[in-house]
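What follows is the content of input.pdb, which has PDB, C-alpha atoms and all ligand atoms:
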```
ATOM      1  CA  MET A  25     101.367-103.455  33.189  1.00  0.00           C
ATOM      2  CA  ASN A  26     101.159-107.271  33.389  1.00  0.00           C
ATOM      3  CA  LYS A  27     100.445-108.982  30.080  1.00  0.00           C
ATOM      4  CA  PRO A  28      97.095-110.831  30.205  1.00  0.00           C
ATOM      5  CA  LYS A  29      97.595-114.582  30.404  1.00  0.00           C
ATOM      6  CA  ILE A  30      96.314-116.765  27.568  1.00  0.00           C
ATOM      7  CA  ARG A  31      94.290-119.752  28.736  1.00  0.00           C
ATOM      8  CA  SER A  32      94.556-122.746  26.402  1.00  0.00           C
ATOM      9  CA  ALA A  33      94.745-126.515  26.731  1.00  0.00           C
ATOM     10  CA  TYR A  34      96.948-126.422  23.612  1.00  0.00           C
ATOM     11  CA  LEU A  35      99.733-124.458  25.368  1.00  0.00           C
ATOM     12  CA  ARG A  36     101.153-127.425  27.249  1.00  0.00           C
ATOM     13  CA  ASN A  37     102.164-129.338  24.116  1.00  0.00           C
ATOM     14  CA  ASN A  38     102.704-126.353  21.828  1.00  0.00           C
ATOM     15  CA  TYR A  39      99.934-127.125  19.342  1.00  0.00           C
ATOM     16  CA  ALA A  40     100.613-123.683  17.828  1.00  0.00           C
ATOM     17  CA  GLY A  41     103.458-125.466  16.016  1.00  0.00           C
ATOM     18  CA  LEU A  42     100.956-127.847  14.414  1.00  0.00           C
ATOM     19  CA  PHE A  43      98.706-125.008  13.249  1.00  0.00           C
ATOM     20  CA  GLN A  44     101.693-123.073  11.891  1.00  0.00           C
ATOM     21  CA  ALA A  45     102.975-126.136  10.009  1.00  0.00           C
ATOM     22  CA  CYS A  46      99.564-126.962   8.504  1.00  0.00           C
ATOM     23  CA  ILE A  47      99.027-123.375   7.365  1.00  0.00           C
ATOM     24  CA  SER A  48     102.581-122.853   6.070  1.00  0.00           C
ATOM     25  CA  LEU A  49     102.437-126.053   4.059  1.00  0.00           C
ATOM     26  CA  SER A  50      98.902-125.910   2.688  1.00  0.00           C
ATOM     27  CA  LYS A  51      98.784-122.105   2.137  1.00  0.00           C
ATOM     28  CA  PRO A  52      95.006-121.931   2.496  1.00  0.00           C
ATOM     29  CA  GLY A  53      92.848-119.114   1.178  1.00  0.00           C
ATOM     30  CA  THR A  54      89.701-119.214   3.310  1.00  0.00           C
ATOM     31  CA  CYS A  55      90.184-120.423   6.891  1.00  0.00           C
ATOM     32  CA  VAL A  56      87.533-120.849   9.574  1.00  0.00           C
ATOM     33  CA  GLU A  57      87.914-121.331  13.294  1.00  0.00           C
ATOM     34  CA  ILE A  58      85.106-122.018  15.744  1.00  0.00           C
ATOM     35  CA  GLY A  59      86.076-121.546  19.396  1.00  0.00           C
ATOM     36  CA  ILE A  60      88.501-118.721  20.142  1.00  0.00           C
ATOM     37  CA  LEU A  61      88.470-118.190  23.936  1.00  0.00           C
ATOM     38  CA  ASP A  62      91.629-116.075  24.568  1.00  0.00           C
ATOM     39  CA  GLY A  63      92.885-116.522  21.011  1.00  0.00           C
ATOM     40  CA  TYR A  64      95.791-119.008  21.317  1.00  0.00           C
ATOM     41  CA  SER A  65      94.935-120.972  18.158  1.00  0.00           C
ATOM     42  CA  THR A  66      93.497-117.872  16.449  1.00  0.00           C
ATOM     43  CA  ILE A  67      96.770-115.976  16.864  1.00  0.00           C
ATOM     44  CA  ALA A  68      98.819-119.002  15.719  1.00  0.00           C
ATOM     45  CA  ILE A  69      96.714-119.405  12.558  1.00  0.00           C
ATOM     46  CA  GLY A  70      96.297-115.669  11.885  1.00  0.00           C
ATOM     47  CA  SER A  71      99.964-114.744  12.324  1.00  0.00           C
ATOM     48  CA  THR A  72     101.067-117.608  10.036  1.00  0.00           C
ATOM     49  CA  LEU A  73      98.649-116.378   7.348  1.00  0.00           C
ATOM     50  CA  LYS A  74      99.959-112.847   7.830  1.00  0.00           C
ATOM     51  CA  ASN A  75     103.567-114.025   7.401  1.00  0.00           C
ATOM     52  CA  LEU A  76     102.590-115.916   4.253  1.00  0.00           C
ATOM     53  CA  GLY A  77     100.925-112.784   2.907  1.00  0.00           C
ATOM     54  CA  ARG A  78      97.803-114.659   1.845  1.00  0.00           C
ATOM     55  CA  GLY A  79      94.626-116.187   3.258  1.00  0.00           C
ATOM     56  CA  HIS A  80      92.017-114.951   5.733  1.00  0.00           C
ATOM     57  CA  LEU A  81      90.711-116.387   8.993  1.00  0.00           C
ATOM     58  CA  TYR A  82      87.028-116.053   9.925  1.00  0.00           C
ATOM     59  CA  ALA A  83      86.985-116.809  13.655  1.00  0.00           C
ATOM     60  CA  TYR A  84      83.713-117.481  15.466  1.00  0.00           C
ATOM     61  CA  ASP A  85      82.787-117.644  19.127  1.00  0.00           C
ATOM     62  CA  LEU A  86      79.812-116.978  21.381  1.00  0.00           C
ATOM     63  CA  PHE A  87      82.106-114.792  23.541  1.00  0.00           C
ATOM     64  CA  GLU A  88      80.269-113.498  26.656  1.00  0.00           C
ATOM     65  CA  ASP A  89      77.105-115.441  25.718  1.00  0.00           C
ATOM     66  CA  TYR A  90      78.823-118.780  26.377  1.00  0.00           C
ATOM     67  CA  PRO A  91      77.776-119.814  29.899  1.00  0.00           C
ATOM     68  CA  TYR A  92      81.039-121.567  30.836  1.00  0.00           C
ATOM     69  CA  THR A  93      84.685-120.436  30.518  1.00  0.00           C
ATOM     70  CA  ASN A  94      84.555-117.538  28.041  1.00  0.00           C
ATOM     71  CA  GLN A  95      86.213-114.307  26.942  1.00  0.00           C
ATOM     72  CA  LYS A  96      84.593-110.992  25.997  1.00  0.00           C
ATOM     73  CA  TYR A  97      84.426-109.969  22.329  1.00  0.00           C
ATOM     74  CA  GLU A  98      86.068-106.598  23.067  1.00  0.00           C
ATOM     75  CA  GLU A  99      88.976-108.245  24.860  1.00  0.00           C
ATOM     76  CA  VAL A 100      89.610-110.677  21.968  1.00  0.00           C
ATOM     77  CA  LEU A 101      89.372-107.817  19.483  1.00  0.00           C
ATOM     78  CA  SER A 102      91.954-105.784  21.382  1.00  0.00           C
ATOM     79  CA  ARG A 103      94.259-108.839  21.375  1.00  0.00           C
ATOM     80  CA  MET A 104      93.932-109.076  17.597  1.00  0.00           C
ATOM     81  CA  GLU A 105      94.796-105.358  17.399  1.00  0.00           C
ATOM     82  CA  ARG A 106      97.820-105.863  19.650  1.00  0.00           C
ATOM     83  CA  PHE A 107      99.061-108.685  17.382  1.00  0.00           C
ATOM     84  CA  ASN A 108      98.350-106.537  14.318  1.00  0.00           C
ATOM     85  CA  LEU A 109      95.978-109.176  12.955  1.00  0.00           C
ATOM     86  CA  THR A 110      92.815-107.193  12.248  1.00  0.00           C
ATOM     87  CA  ASP A 111      93.400-107.326   8.461  1.00  0.00           C
ATOM     88  CA  THR A 112      93.911-111.093   8.527  1.00  0.00           C
ATOM     89  CA  VAL A 113      91.370-112.194  11.135  1.00  0.00           C
ATOM     90  CA  THR A 114      87.653-111.359  11.170  1.00  0.00           C
ATOM     91  CA  LEU A 115      85.894-112.033  14.494  1.00  0.00           C
ATOM     92  CA  ARG A 116      82.240-113.031  14.379  1.00  0.00           C
ATOM     93  CA  LYS A 117      79.831-113.706  17.241  1.00  0.00           C
ATOM     94  CA  LYS A 118      77.717-116.640  16.040  1.00  0.00           C
ATOM     95  CA  ASP A 119      76.860-120.210  16.986  1.00  0.00           C
ATOM     96  CA  ILE A 120      78.774-122.938  15.154  1.00  0.00           C
ATOM     97  CA  LEU A 121      75.691-124.311  13.416  1.00  0.00           C
ATOM     98  CA  LYS A 122      74.435-120.884  12.247  1.00  0.00           C
ATOM     99  CA  ALA A 123      77.849-119.846  10.900  1.00  0.00           C
ATOM    100  CA  ALA A 124      77.908-122.504   8.149  1.00  0.00           C
ATOM    101  CA  SER A 125      75.518-120.476   5.978  1.00  0.00           C
ATOM    102  CA  ASP A 126      78.179-117.705   5.752  1.00  0.00           C
ATOM    103  CA  PHE A 127      80.181-119.873   3.295  1.00  0.00           C
ATOM    104  CA  ARG A 128      79.683-121.246  -0.219  1.00  0.00           C
ATOM    105  CA  ASP A 129      80.094-124.947  -0.992  1.00  0.00           C
ATOM    106  CA  SER A 130      83.725-126.114  -1.397  1.00  0.00           C
ATOM    107  CA  SER A 131      85.017-122.700  -0.283  1.00  0.00           C
ATOM    108  CA  ILE A 132      86.888-123.527   2.945  1.00  0.00           C
ATOM    109  CA  ASP A 133      90.522-124.655   2.742  1.00  0.00           C
ATOM    110  CA  PHE A 134      91.242-124.941   6.472  1.00  0.00           C
ATOM    111  CA  MET A 135      88.915-125.285   9.459  1.00  0.00           C
ATOM    112  CA  HIS A 136      89.605-125.714  13.176  1.00  0.00           C
ATOM    113  CA  VAL A 137      86.835-126.682  15.602  1.00  0.00           C
ATOM    114  CA  ASP A 138      87.447-126.252  19.350  1.00  0.00           C
ATOM    115  CA  ILE A 139      84.212-125.568  21.269  1.00  0.00           C
ATOM    116  CA  ALA A 140      84.672-127.952  24.251  1.00  0.00           C
ATOM    117  CA  ASN A 141      84.129-130.717  21.699  1.00  0.00           C
ATOM    118  CA  SER A 142      82.196-133.933  22.262  1.00  0.00           C
ATOM    119  CA  GLY A 143      81.066-136.682  19.898  1.00  0.00           C
ATOM    120  CA  ASP A 144      78.005-134.561  19.074  1.00  0.00           C
ATOM    121  CA  THR A 145      80.241-131.687  17.917  1.00  0.00           C
ATOM    122  CA  VAL A 146      81.997-133.967  15.432  1.00  0.00           C
ATOM    123  CA  ALA A 147      78.684-135.364  14.126  1.00  0.00           C
ATOM    124  CA  ASN A 148      77.068-131.913  13.815  1.00  0.00           C
ATOM    125  CA  VAL A 149      80.071-130.271  12.165  1.00  0.00           C
ATOM    126  CA  LEU A 150      80.375-133.004   9.559  1.00  0.00           C
ATOM    127  CA  MET A 151      76.637-132.752   8.864  1.00  0.00           C
ATOM    128  CA  GLU A 152      76.505-128.924   8.600  1.00  0.00           C
ATOM    129  CA  TRP A 153      79.962-128.040   7.277  1.00  0.00           C
ATOM    130  CA  ASN A 154      81.196-130.927   5.109  1.00  0.00           C
ATOM    131  CA  GLU A 155      79.868-129.456   1.860  1.00  0.00           C
ATOM    132  CA  LYS A 156      81.659-126.190   2.626  1.00  0.00           C
ATOM    133  CA  ILE A 157      85.100-127.837   2.841  1.00  0.00           C
ATOM    134  CA  ASN A 158      87.143-127.840  -0.349  1.00  0.00           C
ATOM    135  CA  PRO A 159      88.457-131.281  -1.443  1.00  0.00           C
ATOM    136  CA  GLY A 160      92.123-131.301  -0.369  1.00  0.00           C
ATOM    137  CA  GLY A 161      91.201-129.020   2.531  1.00  0.00           C
ATOM    138  CA  ILE A 162      92.082-129.603   6.181  1.00  0.00           C
ATOM    139  CA  LEU A 163      89.630-129.985   9.075  1.00  0.00           C
ATOM    140  CA  ILE A 164      91.032-130.158  12.614  1.00  0.00           C
ATOM    141  CA  PHE A 165      88.966-131.184  15.637  1.00  0.00           C
ATOM    142  CA  GLU A 166      90.275-130.691  19.153  1.00  0.00           C
ATOM    143  CA  GLY A 167      90.118-134.112  20.849  1.00  0.00           C
ATOM    144  CA  GLY A 168      90.042-137.646  19.498  1.00  0.00           C
ATOM    145  CA  SER A 169      92.321-139.511  21.875  1.00  0.00           C
ATOM    146  CA  PRO A 170      90.631-142.117  24.124  1.00  0.00           C
ATOM    147  CA  LEU A 171      92.212-140.331  27.108  1.00  0.00           C
ATOM    148  CA  ARG A 172      90.575-137.015  26.136  1.00  0.00           C
ATOM    149  CA  ASP A 173      87.196-138.795  26.281  1.00  0.00           C
ATOM    150  CA  GLU A 174      87.872-139.656  29.950  1.00  0.00           C
ATOM    151  CA  ILE A 175      88.444-136.112  31.266  1.00  0.00           C
ATOM    152  CA  SER A 176      86.270-135.081  34.195  1.00  0.00           C
ATOM    153  CA  TRP A 177      83.847-132.619  32.539  1.00  0.00           C
ATOM    154  CA  MET A 178      83.006-135.128  29.794  1.00  0.00           C
ATOM    155  CA  LYS A 179      81.883-137.549  32.487  1.00  0.00           C
ATOM    156  CA  LYS A 180      80.238-134.941  34.714  1.00  0.00           C
ATOM    157  CA  PHE A 181      78.062-133.604  31.876  1.00  0.00           C
ATOM    158  CA  GLU A 182      77.607-137.075  30.324  1.00  0.00           C
ATOM    159  CA  LYS A 183      78.998-135.932  26.982  1.00  0.00           C
ATOM    160  CA  GLU A 184      79.129-138.278  24.000  1.00  0.00           C
ATOM    161  CA  LYS A 185      82.680-139.535  23.484  1.00  0.00           C
ATOM    162  CA  ILE A 186      84.615-138.240  20.481  1.00  0.00           C
ATOM    163  CA  LEU A 187      86.594-141.332  19.447  1.00  0.00           C
ATOM    164  CA  PRO A 188      83.601-143.670  18.886  1.00  0.00           C
ATOM    165  CA  GLU A 189      81.981-140.917  16.768  1.00  0.00           C
ATOM    166  CA  LEU A 190      85.160-140.518  14.691  1.00  0.00           C
ATOM    167  CA  LYS A 191      85.294-144.264  14.071  1.00  0.00           C
ATOM    168  CA  ALA A 192      81.604-144.541  13.165  1.00  0.00           C
ATOM    169  CA  ASN A 193      80.945-141.301  11.293  1.00  0.00           C
ATOM    170  CA  GLU A 194      80.042-142.127   7.715  1.00  0.00           C
ATOM    171  CA  ILE A 195      80.971-138.763   6.176  1.00  0.00           C
ATOM    172  CA  LEU A 196      84.367-138.764   7.881  1.00  0.00           C
ATOM    173  CA  ASN A 197      85.127-142.363   6.968  1.00  0.00           C
ATOM    174  CA  THR A 198      84.096-142.068   3.320  1.00  0.00           C
ATOM    175  CA  GLN A 199      85.242-138.554   2.430  1.00  0.00           C
ATOM    176  CA  TYR A 200      88.269-137.891   4.637  1.00  0.00           C
ATOM    177  CA  THR A 201      91.559-139.436   5.674  1.00  0.00           C
ATOM    178  CA  TYR A 202      92.445-138.717   9.288  1.00  0.00           C
ATOM    179  CA  ALA A 203      95.013-139.181  12.021  1.00  0.00           C
ATOM    180  CA  ILE A 204      94.815-138.588  15.762  1.00  0.00           C
ATOM    181  CA  LEU A 205      97.669-136.857  17.586  1.00  0.00           C
ATOM    182  CA  HIS A 206      97.454-138.030  21.201  1.00  0.00           C
ATOM    183  CA  PRO A 207      99.443-135.551  23.369  1.00  0.00           C
ATOM    184  CA  PHE A 208      97.012-133.609  25.600  1.00  0.00           C
ATOM    185  CA  PRO A 209      94.435-132.428  24.651  1.00  0.00           C
ATOM    186  CA  SER A 210      94.842-134.338  21.332  1.00  0.00           C
ATOM    187  CA  VAL A 211      93.531-133.406  17.902  1.00  0.00           C
ATOM    188  CA  CYS A 212      92.019-135.234  14.971  1.00  0.00           C
ATOM    189  CA  LEU A 213      93.667-133.998  11.783  1.00  0.00           C
ATOM    190  CA  CYS A 214      91.381-134.675   8.802  1.00  0.00           C
ATOM    191  CA  SER A 215      92.164-134.177   5.123  1.00  0.00           C
ATOM    192  CA  LYS A 216      89.256-134.126   2.676  1.00  0.00           C
ATOM    193  CA  ASN A 217      89.921-136.669  -0.046  1.00  0.00           C
ATOM    194  CA  LEU A 218      90.678-135.361  -3.524  1.00  0.00           C
ATOM    195  CA  ASP A 219      89.780-138.277  -5.784  1.00  0.00           C
ATOM    196  CA  ASN A 220      91.893-136.750  -8.545  1.00  0.00           C
ATOM    197  CA  GLN A 221      89.973-133.507  -8.901  1.00  0.00           C
ATOM    198  CA  LYS A 222      91.795-131.614 -11.673  1.00  0.00           C
ATOM    199  CA  ASN A 223      90.551-128.234 -10.475  1.00  0.00           C
ATOM    200  CA  ASN A 224      92.730-128.630  -7.371  1.00  0.00           C
ATOM    201  CA  TRP A 225      95.947-129.039  -9.403  1.00  0.00           C
ATOM    202  CA  PHE A 226      96.758-125.358  -9.429  1.00  0.00           C
ATOM    203  CA  GLU A 227      96.070-124.575  -5.775  1.00  0.00           C
ATOM    204  CA  LEU A 228      97.906-127.651  -4.492  1.00  0.00           C
ATOM    205  CA  ASP A 229     100.990-126.878  -6.627  1.00  0.00           C
ATOM    206  CA  TYR A 230     100.800-129.919  -8.933  1.00  0.00           C
ATOM    207  CA  GLU A 231     100.704-127.807 -12.100  1.00  0.00           C
ATOM    208  CA  TYR A 232     104.010-126.237 -11.106  1.00  0.00           C
ATOM    209  CA  ALA A 233     105.524-129.625 -10.217  1.00  0.00           C
ATOM    210  CA  GLU A 234     104.482-131.099 -13.575  1.00  0.00           C
ATOM    211  CA  LYS A 235     105.963-128.153 -15.488  1.00  0.00           C
ATOM    212  CA  GLU A 236     109.242-128.446 -13.589  1.00  0.00           C
ATOM    213  CA  ASN A 237     109.338-132.197 -14.179  1.00  0.00           C
ATOM    214  CA  LEU A 238     108.963-131.651 -17.904  1.00  0.00           C
ATOM    215  CA  LYS A 239     111.721-129.020 -17.912  1.00  0.00           C
ATOM    216  CA  ARG A 240     114.296-131.203 -16.205  1.00  0.00           C
ATOM    217  CA  LYS A 241     114.554-134.625 -14.735  1.00  0.00           C
ATOM    218  CA  ILE A 242     115.456-134.304 -11.052  1.00  0.00           C
ATOM    219  CA  GLY A 243     118.214-136.721 -10.100  1.00  0.00           C
ATOM    220  CA  GLU A 244     118.267-138.547  -6.798  1.00  0.00           C
ATOM    221  CA  ASN A 245     121.513-136.787  -5.822  1.00  0.00           C
ATOM    222  CA  GLU A 246     119.915-133.417  -6.366  1.00  0.00           C
ATOM    223  CA  LEU A 247     116.868-134.346  -4.294  1.00  0.00           C
ATOM    224  CA  PHE A 248     118.964-135.345  -1.329  1.00  0.00           C
ATOM    225  CA  ASP A 249     121.505-132.571  -1.649  1.00  0.00           C
ATOM    226  CA  MET A 250     120.687-130.455   1.365  1.00  0.00           C
ATOM    227  CA  ASP A 251     123.638-127.999   1.091  1.00  0.00           C
TER     228      ASP A 251
HETATM  229  C1  LIG A 301      88.116-124.534  24.487  1.00  0.00           C
HETATM  230  S1  LIG A 301      87.679-122.902  24.140  1.00  0.00           S
HETATM  231  C2  LIG A 301      88.604-122.532  22.665  1.00  0.00           C
HETATM  232  C3  LIG A 301      90.079-122.549  22.900  1.00  0.00           C
HETATM  233  C4  LIG A 301      90.961-121.966  21.820  1.00  0.00           C
HETATM  234  N1  LIG A 301      90.678-122.508  20.503  1.00  0.00           N
HETATM  235  C5  LIG A 301      92.403-122.172  22.155  1.00  0.00           C
HETATM  236  O1  LIG A 301      93.236-122.257  21.241  1.00  0.00           O
HETATM  237  O2  LIG A 301      92.760-122.204  23.331  1.00  0.00           O
HETATM  238  C6  LIG A 301      86.053-123.078  23.595  1.00  0.00           C
HETATM  239  C7  LIG A 301      85.403-121.813  23.049  1.00  0.00           C
HETATM  240  O3  LIG A 301      84.271-122.232  22.279  1.00  0.00           O
HETATM  241  C8  LIG A 301      83.245-121.278  22.393  1.00  0.00           C
HETATM  242  N2  LIG A 301      81.981-121.940  22.068  1.00  0.00           N
HETATM  243  C9  LIG A 301      81.343-122.896  22.792  1.00  0.00           C
HETATM  244  N3  LIG A 301      80.226-123.315  22.174  1.00  0.00           N
HETATM  245  C10 LIG A 301      80.152-122.628  21.000  1.00  0.00           C
HETATM  246  C11 LIG A 301      79.239-122.612  19.920  1.00  0.00           C
HETATM  247  N4  LIG A 301      78.149-123.407  19.918  1.00  0.00           N
HETATM  248  N5  LIG A 301      79.460-121.795  18.866  1.00  0.00           N
HETATM  249  C12 LIG A 301      80.565-120.966  18.860  1.00  0.00           C
HETATM  250  N6  LIG A 301      81.477-120.949  19.861  1.00  0.00           N
HETATM  251  C13 LIG A 301      81.277-121.746  20.922  1.00  0.00           C
HETATM  252  C14 LIG A 301      83.348-120.800  23.835  1.00  0.00           C
HETATM  253  O4  LIG A 301      82.807-119.522  24.005  1.00  0.00           O
HETATM  254  C15 LIG A 301      84.842-120.851  24.101  1.00  0.00           C
HETATM  255  O5  LIG A 301      85.445-119.573  23.928  1.00  0.00           O
END
```

This entry written out as structure tokens:
Amino acid sequence: MNKPKIRSAYLRNNYAGLFQACISLSKPGTCVEIGILDGYSTIAIGSTLKNLGRGHLYAYDLFEDYPYTNQKYEEVLSRMERFNLTDTVTLRKKDILKAASDFRDSSIDFMHVDIANSGDTVANVLMEWNEKINPGGILIFEGGSPLRDEISWMKKFEKEKILPELKANEILNTQYTYAILHPFPSVCLCSKNLDNQKNNWFELDYEYAEKENLKRKIGENELFDMD
């Protein structure tokens, strides 16, 4: 039997590597994804969490109710079963704006938004979801490059551009630090500012680092000794 093909704009430039690196490094507890389609990013995030042995991904989509390119709920579920991810990934059929009420304030450590994004998506997500993101947490939007704003469907459907919204958005520019990665389709990688919040010391590993620093002074030679 032929394996079903995975459709994803991220495939071309291997954005799975970015998701894996972000998850491996930040070791998030609660993760949220909005926009699954065939599950490329969902599988990348979910399998990295599974390998780490911690964290859970709540993945949302409209599935067959989305009127454009979509995938059926049952098909995505069977993919999650095939990848042995049903303990790590929970699929939910809900609109992005309704899903926010499923989470407590400051409870999300990692969030990925990929719903055929436009400037409106960025504005709405920051309005509805910002309070839910834990300081120190990561928020990734698909898009952000000026070239991504020029693709045909953005023009055809007269969508608001993403980059001007990123530059102007008050929540983003006061509460986050962000970078845009330009290879197609591009992403905006946002980190919610910490402003020295002591309660994040433990989860971001600073308590451990401080203890180690007190125990021994690490010499420069030791730091750069890669053998
Ligand atoms: C570009 S695809 C996601 C691609 C996927 N993240 C990947 O790695 O290839 C966009 C998905 O967003 C979903 N979607 C669109 N609007 C949505 C909304 N308002 N709420 C939830 N999901 C939505 C669509 O059903 C579609 O499956």

(message) Which residues would end up in the selection if the PyMOL selection byres (((chain A and resi 85-91) around 8) and not hetatm) were applied here, given that I need the answer as a VMD selection string?
(response) chain A and resid 58 to 61 83 to 84 92 to 97 115 to 120

(message) Expand the PyMOL selection byres (((chain A and resi 151-159) around 6) and not hetatm) into the explicit residue set it covers here, and present it as a VMD selection string.
(response) chain A and resid 124 129 to 133 148 to 150 160 to 161 216 to 218

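Of the listed residues (A:Leu121, A:Val211, A:Leu81, A:Val100), A:Val211 comes nearest to A:Tyr39; the distances count all atoms listed in the file.
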
(request) Rank nothing, just name the residue among A:Ser142, A:Asn75, A:Ser48, A:Ser65 nearest to ligand LIG 301 (chain A), using all atoms listed in the file. (result)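 Comparing A:Ser142, A:Asn75, A:Ser48, A:Ser65 against ligand LIG 301 (chain A), the winner is A:Ser65.
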
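Closest approach to ligand LIG 301 (chain A) among A:Asp111, A:Asp138, A:Glu166, A:Glu98: A:Asp138, based on all atoms listed in the file.
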
(request) List the residues selected by the PyMOL selection byres (((chain A and resi 188-190) around 8) and not hetatm) in the file shown, writing them as a PyMOL selection string. (result) chain A and resi 143-144+146-147+168+185-187+191-193+196-197

(message) Using Å and a single decimal, report how far atom CA of A:Ala203 sits from atom CA of A:Glu182.
(response)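 Between atom CA of A:Glu182 and atom CA of A:Ala203 the gap works out to 25.3 Å.
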
(request) Would you work out the distance separating atom CA of A:Ser32 from atom CA of A:Glu184, expressed in Å to one decimal? (result)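 Atom CA of A:Glu184 lies 22.0 Å from atom CA of A:Ser32.
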
(message) Under the rule that all atoms listed in the file are counted, which of A:Thr54, A:Asn237, A:Lys183, A:Leu171 is the nearest residue to A:Arg128?
(response)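 Checking each candidate against A:Arg128, we get A:Thr54 as the closest.
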
(message) Using only C-alpha atoms, can you tell me which of A:Glu57, A:Asp229, A:Glu105, A:Asp219 comes closest to A:Phe134?
(response)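 So, comparing all the options, the nearest one is A:Glu57.
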
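Take the candidates A:Ser169, A:Thr72, A:Gln44, A:Thr66 and check each one against ligand LIG 301 (chain A) using all atoms listed in the file; the shortest distance goes to A:Thr66.
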